[in-house]
Amino acid sequence: SSAGSANGLASRQSDIEQSTFRKEADDATELLSFDDGFNELVAYEENHGTFDVPVDAGKLYSWVQRQIIPYIQRDMGEPSSMKDSSFLKLKEIGAFRNLTATERRWHLMYEELRKYIADHGHMDGIGAINDSLSTWCYTQRCVL
């Protein structure tokens with residue numbers, strides 16, 4: 001039934017919202033500094049031959065996730081919270097060189113969604129404010 005699928009979608013949205021912010025709150029208590037995270041990332045790549053850090057890598061995974069958005073913004077010439085020195089270090093080792101244009105867009109749209117939820121406490125009404133974010137959210141729901 002459509003009511004059942006609507007309830008299922010609302011439940012998934014709620015799960016995504018809650019898990020995203022719970023994870024960020026948990027990670028906030030034990031953040032790696034840029035230099036510590038960078039050194040761990042270099043060591044990880046030396047040991048595993050890749051910068052694709054899995055979720056179970058804990059703090060390093062969280063550190064990498066916190067670098068992606070500012071790095072992409074900086075790389076695209078947009079305003080970013082990332083320092084010049086941090087951007088250059090990550091670029092020099094090629095940490096995010098394998099991100100496709102689609103992956104870069106996904107990360108940027110996810111960040112917009114995260115900010116929207118932080119500001120409004122929910123995902124309702126996105127289309128009235130940001131049509132491209134609304135379309136992206138719809139697309140994400142279709143692939144779930």
# chains A, B, ... in the order shown; residues from 1 in each chain; ligands from 1
$ select_by_dssp --residues "range 22-79 of chain A" --states "helix (DSSP H, G or I)" --output "PyMOL selection string"
chain A and resi 22-28+34-48+55-57+59-75
$ write_last_selection --atoms "N, CA and C atoms" --output "CSV table (one decimal), in the first residue's frame"
chain,number,residue,atom,x,y,z
A,22,ARG,N,23.9,11.4,15.3
A,22,ARG,CA,24.4,10.6,16.5
A,22,ARG,C,25.9,10.3,16.2
A,23,LYS,N,26.2,9.9,15.0
A,23,LYS,CA,27.6,9.6,14.6
A,23,LYS,C,28.5,10.8,14.7
A,24,GLU,N,28.0,12.0,14.3
A,24,GLU,CA,28.8,13.2,14.4
A,24,GLU,C,29.0,13.6,15.8
A,25,ALA,N,28.0,13.4,16.7
A,25,ALA,CA,28.1,13.7,18.1
A,25,ALA,C,29.1,12.8,18.8
A,26,ASP,N,29.1,11.5,18.4
A,26,ASP,CA,30.0,10.5,19.0
A,26,ASP,C,31.4,10.9,18.6
A,27,ASP,N,31.6,11.2,17.3
A,27,ASP,CA,33.0,11.5,16.7
A,27,ASP,C,33.5,12.8,17.3
A,28,ALA,N,32.7,13.7,17.6
A,28,ALA,CA,33.1,15.0,18.1
A,28,ALA,C,33.9,15.0,19.4
A,34,PHE,N,44.4,17.8,12.3
A,34,PHE,CA,44.7,17.6,10.9
A,34,PHE,C,46.0,16.8,10.7
A,35,ASP,N,47.1,17.2,11.5
A,35,ASP,CA,48.4,16.6,11.3
A,35,ASP,C,48.3,15.1,11.7
A,36,ASP,N,47.7,14.8,12.8
A,36,ASP,CA,47.6,13.4,13.2
A,36,ASP,C,46.8,12.6,12.2
A,37,GLY,N,45.7,13.1,11.7
A,37,GLY,CA,44.9,12.4,10.7
A,37,GLY,C,45.6,12.2,9.4
A,38,PHE,N,46.3,13.3,9.0
A,38,PHE,CA,47.1,13.2,7.8
A,38,PHE,C,48.2,12.1,7.9
A,39,ASN,N,48.9,12.1,9.0
A,39,ASN,CA,50.0,11.1,9.2
A,39,ASN,C,49.4,9.7,9.2
A,40,GLU,N,48.2,9.5,9.8
A,40,GLU,CA,47.6,8.2,9.8
A,40,GLU,C,47.1,7.8,8.4
A,41,LEU,N,46.6,8.8,7.7
A,41,LEU,CA,46.2,8.5,6.3
A,41,LEU,C,47.4,8.1,5.4
A,42,VAL,N,48.5,8.8,5.6
A,42,VAL,CA,49.7,8.4,4.8
A,42,VAL,C,50.1,7.0,5.2
A,43,ALA,N,50.1,6.7,6.5
A,43,ALA,CA,50.5,5.3,6.9
A,43,ALA,C,49.5,4.3,6.4
A,44,TYR,N,48.2,4.6,6.4
A,44,TYR,CA,47.2,3.7,5.9
A,44,TYR,C,47.4,3.4,4.5
A,45,GLU,N,47.7,4.4,3.7
A,45,GLU,CA,48.0,4.2,2.2
A,45,GLU,C,49.2,3.4,2.0
A,46,GLU,N,50.2,3.6,2.8
A,46,GLU,CA,51.5,2.8,2.7
A,46,GLU,C,51.2,1.3,3.0
A,47,ASN,N,50.3,1.1,3.9
A,47,ASN,CA,50.0,-0.3,4.3
A,47,ASN,C,49.0,-1.0,3.4
A,48,HIS,N,48.1,-0.2,2.9
A,48,HIS,CA,47.0,-0.8,2.2
A,48,HIS,C,46.9,-0.5,0.7
A,55,VAL,N,34.8,2.3,6.9
A,55,VAL,CA,34.1,2.7,8.1
A,55,VAL,C,34.7,2.2,9.4
A,56,ASP,N,35.1,0.9,9.3
A,56,ASP,CA,35.6,0.3,10.6
A,56,ASP,C,37.0,0.8,11.0
A,57,ALA,N,37.6,1.8,10.2
A,57,ALA,CA,38.8,2.4,10.6
A,57,ALA,C,38.6,3.4,11.7
A,59,LYS,N,38.3,6.4,13.9
A,59,LYS,CA,38.7,7.9,13.9
A,59,LYS,C,39.3,8.3,12.6
A,60,LEU,N,40.1,7.4,11.9
A,60,LEU,CA,40.7,7.8,10.7
A,60,LEU,C,39.6,8.0,9.6
A,61,TYR,N,38.6,7.1,9.6
A,61,TYR,CA,37.5,7.2,8.6
A,61,TYR,C,36.7,8.5,8.9
A,62,SER,N,36.5,8.8,10.1
A,62,SER,CA,35.8,10.1,10.5
A,62,SER,C,36.6,11.3,10.0
A,63,TRP,N,37.9,11.2,10.3
A,63,TRP,CA,38.8,12.3,9.9
A,63,TRP,C,38.7,12.5,8.4
A,64,VAL,N,38.8,11.5,7.6
A,64,VAL,CA,38.8,11.6,6.1
A,64,VAL,C,37.4,12.2,5.7
A,65,GLN,N,36.3,11.7,6.3
A,65,GLN,CA,35.0,12.2,5.9
A,65,GLN,C,34.9,13.7,6.2
A,66,ARG,N,35.6,14.2,7.3
A,66,ARG,CA,35.5,15.6,7.6
A,66,ARG,C,36.4,16.5,6.6
A,67,GLN,N,37.3,15.8,5.9
A,67,GLN,CA,38.2,16.6,5.0
A,67,GLN,C,37.6,16.7,3.6
A,68,ILE,N,36.7,15.7,3.2
A,68,ILE,CA,36.3,15.7,1.8
A,68,ILE,C,35.6,16.9,1.4
A,69,ILE,N,34.6,17.4,2.1
A,69,ILE,CA,33.8,18.6,1.6
A,69,ILE,C,34.7,19.8,1.5
A,70,PRO,N,35.4,20.2,2.6
A,70,PRO,CA,36.3,21.4,2.4
A,70,PRO,C,37.3,21.2,1.3
A,71,TYR,N,37.8,20.0,1.1
A,71,TYR,CA,38.8,19.8,0.0
A,71,TYR,C,38.1,20.0,-1.3
A,72,ILE,N,37.0,19.4,-1.5
A,72,ILE,CA,36.3,19.6,-2.8
A,72,ILE,C,36.0,21.1,-3.1
A,73,GLN,N,35.4,21.7,-2.0
A,73,GLN,CA,35.1,23.2,-2.2
A,73,GLN,C,36.4,23.9,-2.6
A,74,ARG,N,37.5,23.7,-1.9
A,74,ARG,CA,38.7,24.4,-2.2
A,74,ARG,C,39.2,24.1,-3.6
A,75,ASP,N,39.1,22.8,-4.0
A,75,ASP,CA,39.6,22.4,-5.3
A,75,ASP,C,38.7,23.0,-6.4
$ atom_distance --atom1 "CA of Met76 in chain A" --atom2 "CA of Asn130 in chain A"
20.8 Å
$ residues_around --residues "Arg97 in chain A" --least-positions-apart "4" --cutoff "12 Å" --atoms "only C-alpha atoms" --output "list in words"
Thr50, Phe51, Asp52, Ile68, Tyr71, Ile72, Asp75, Leu90, Lys91, Glu92, Ile93, Ala101, Glu103 and Arg104 of chain A
$ atom_distance --atom1 "CA of Ala95 in chain A" --atom2 "CA of Lys115 in chain A"
24.8 Å
$ closest_atom_pairs --of "range 39-125 of chain A" --to "range 131-139 of chain A" --cutoff "9 Å" --atoms "only C-alpha atoms" --output "tab-separated table"
residue	atom	partner	partner_atom	distance
A:Trp106	CA	A:Trp136	CA	8.5
A:Met109	CA	A:Leu133	CA	6.5
A:Tyr110	CA	A:Leu133	CA	8.8
A:Glu112	CA	A:Leu133	CA	7.4
A:Leu113	CA	A:Leu133	CA	7.1
A:Gly125	CA	A:Ser134	CA	8.6
$ atom_distance --atom1 "CA of Lys83 in chain A" --atom2 "CA of His107 in chain A"
19.2 Å
$ decode --residues "range 99-122 of chain A" --atoms "N, CA, C and O atoms" --output "CSV table (one decimal), in the first residue's frame"
chain,number,residue,atom,x,y,z
A,99,LEU,N,38.2,10.7,-6.8
A,99,LEU,CA,36.8,11.1,-6.7
A,99,LEU,C,36.3,11.5,-8.1
A,99,LEU,O,36.9,12.5,-8.7
A,100,THR,N,35.3,10.9,-8.5
A,100,THR,CA,34.7,11.3,-9.8
A,100,THR,C,33.9,12.6,-9.7
A,100,THR,O,33.6,12.9,-8.5
A,101,ALA,N,33.5,13.1,-10.8
A,101,ALA,CA,32.6,14.3,-10.7
A,101,ALA,C,31.3,14.0,-10.0
A,101,ALA,O,30.8,14.8,-9.2
A,102,THR,N,30.8,12.8,-10.2
A,102,THR,CA,29.5,12.4,-9.6
A,102,THR,C,29.7,12.2,-8.1
A,102,THR,O,28.9,12.6,-7.3
A,103,GLU,N,30.8,11.6,-7.7
A,103,GLU,CA,31.1,11.5,-6.2
A,103,GLU,C,31.3,12.9,-5.6
A,103,GLU,O,30.8,13.1,-4.5
A,104,ARG,N,32.0,13.8,-6.3
A,104,ARG,CA,32.2,15.1,-5.7
A,104,ARG,C,30.8,15.8,-5.5
A,104,ARG,O,30.5,16.4,-4.5
A,105,ARG,N,29.9,15.7,-6.5
A,105,ARG,CA,28.6,16.3,-6.4
A,105,ARG,C,27.8,15.6,-5.3
A,105,ARG,O,27.1,16.3,-4.6
A,106,TRP,N,27.9,14.3,-5.2
A,106,TRP,CA,27.2,13.6,-4.1
A,106,TRP,C,27.6,14.2,-2.7
A,106,TRP,O,26.8,14.5,-1.9
A,107,HIS,N,28.9,14.3,-2.5
A,107,HIS,CA,29.4,14.8,-1.2
A,107,HIS,C,28.9,16.3,-1.0
A,107,HIS,O,28.5,16.6,0.2
A,108,LEU,N,28.9,17.1,-2.0
A,108,LEU,CA,28.5,18.5,-1.8
A,108,LEU,C,27.0,18.5,-1.5
A,108,LEU,O,26.5,19.3,-0.7
A,109,MET,N,26.2,17.7,-2.2
A,109,MET,CA,24.8,17.7,-2.0
A,109,MET,C,24.4,17.1,-0.6
A,109,MET,O,23.6,17.6,0.1
A,110,TYR,N,25.2,16.1,-0.2
A,110,TYR,CA,25.0,15.5,1.2
A,110,TYR,C,25.3,16.6,2.2
A,110,TYR,O,24.5,16.7,3.2
A,111,GLU,N,26.3,17.4,2.0
A,111,GLU,CA,26.6,18.5,3.0
A,111,GLU,C,25.5,19.5,3.0
A,111,GLU,O,25.1,20.0,4.1
A,112,GLU,N,24.9,19.8,1.8
A,112,GLU,CA,23.8,20.7,1.8
A,112,GLU,C,22.6,20.2,2.6
A,112,GLU,O,21.9,20.9,3.4
A,113,LEU,N,22.3,18.9,2.4
A,113,LEU,CA,21.3,18.2,3.2
A,113,LEU,C,21.6,18.2,4.7
A,113,LEU,O,20.7,18.5,5.5
A,114,ARG,N,22.8,17.9,5.0
A,114,ARG,CA,23.2,17.9,6.4
A,114,ARG,C,22.9,19.2,7.1
A,114,ARG,O,22.3,19.4,8.2
A,115,LYS,N,23.3,20.3,6.4
A,115,LYS,CA,23.1,21.7,6.9
A,115,LYS,C,21.6,22.0,7.0
A,115,LYS,O,21.2,22.6,7.9
A,116,TYR,N,20.8,21.6,6.0
A,116,TYR,CA,19.4,21.8,6.0
A,116,TYR,C,18.8,21.2,7.2
A,116,TYR,O,18.0,21.8,7.9
A,117,ILE,N,19.1,19.9,7.5
A,117,ILE,CA,18.6,19.2,8.6
A,117,ILE,C,19.0,19.8,9.9
A,117,ILE,O,18.2,20.0,10.9
A,118,ALA,N,20.3,20.3,10.0
A,118,ALA,CA,20.8,20.9,11.2
A,118,ALA,C,20.0,22.2,11.5
A,118,ALA,O,19.7,22.6,12.6
A,119,ASP,N,19.7,23.0,10.4
A,119,ASP,CA,18.9,24.2,10.5
A,119,ASP,C,17.5,24.1,10.8
A,119,ASP,O,16.9,24.9,11.6
A,120,HIS,N,16.8,23.0,10.2
A,120,HIS,CA,15.4,22.9,10.3
A,120,HIS,C,14.9,21.7,11.2
A,120,HIS,O,13.8,21.6,11.5
A,121,GLY,N,15.8,20.8,11.5
A,121,GLY,CA,15.5,19.6,12.3
A,121,GLY,C,14.7,18.5,11.6
A,121,GLY,O,14.3,17.6,12.2
A,122,HIS,N,14.6,18.7,10.3
A,122,HIS,CA,13.8,17.7,9.5
A,122,HIS,C,14.2,17.9,8.0
A,122,HIS,O,14.9,18.8,7.7
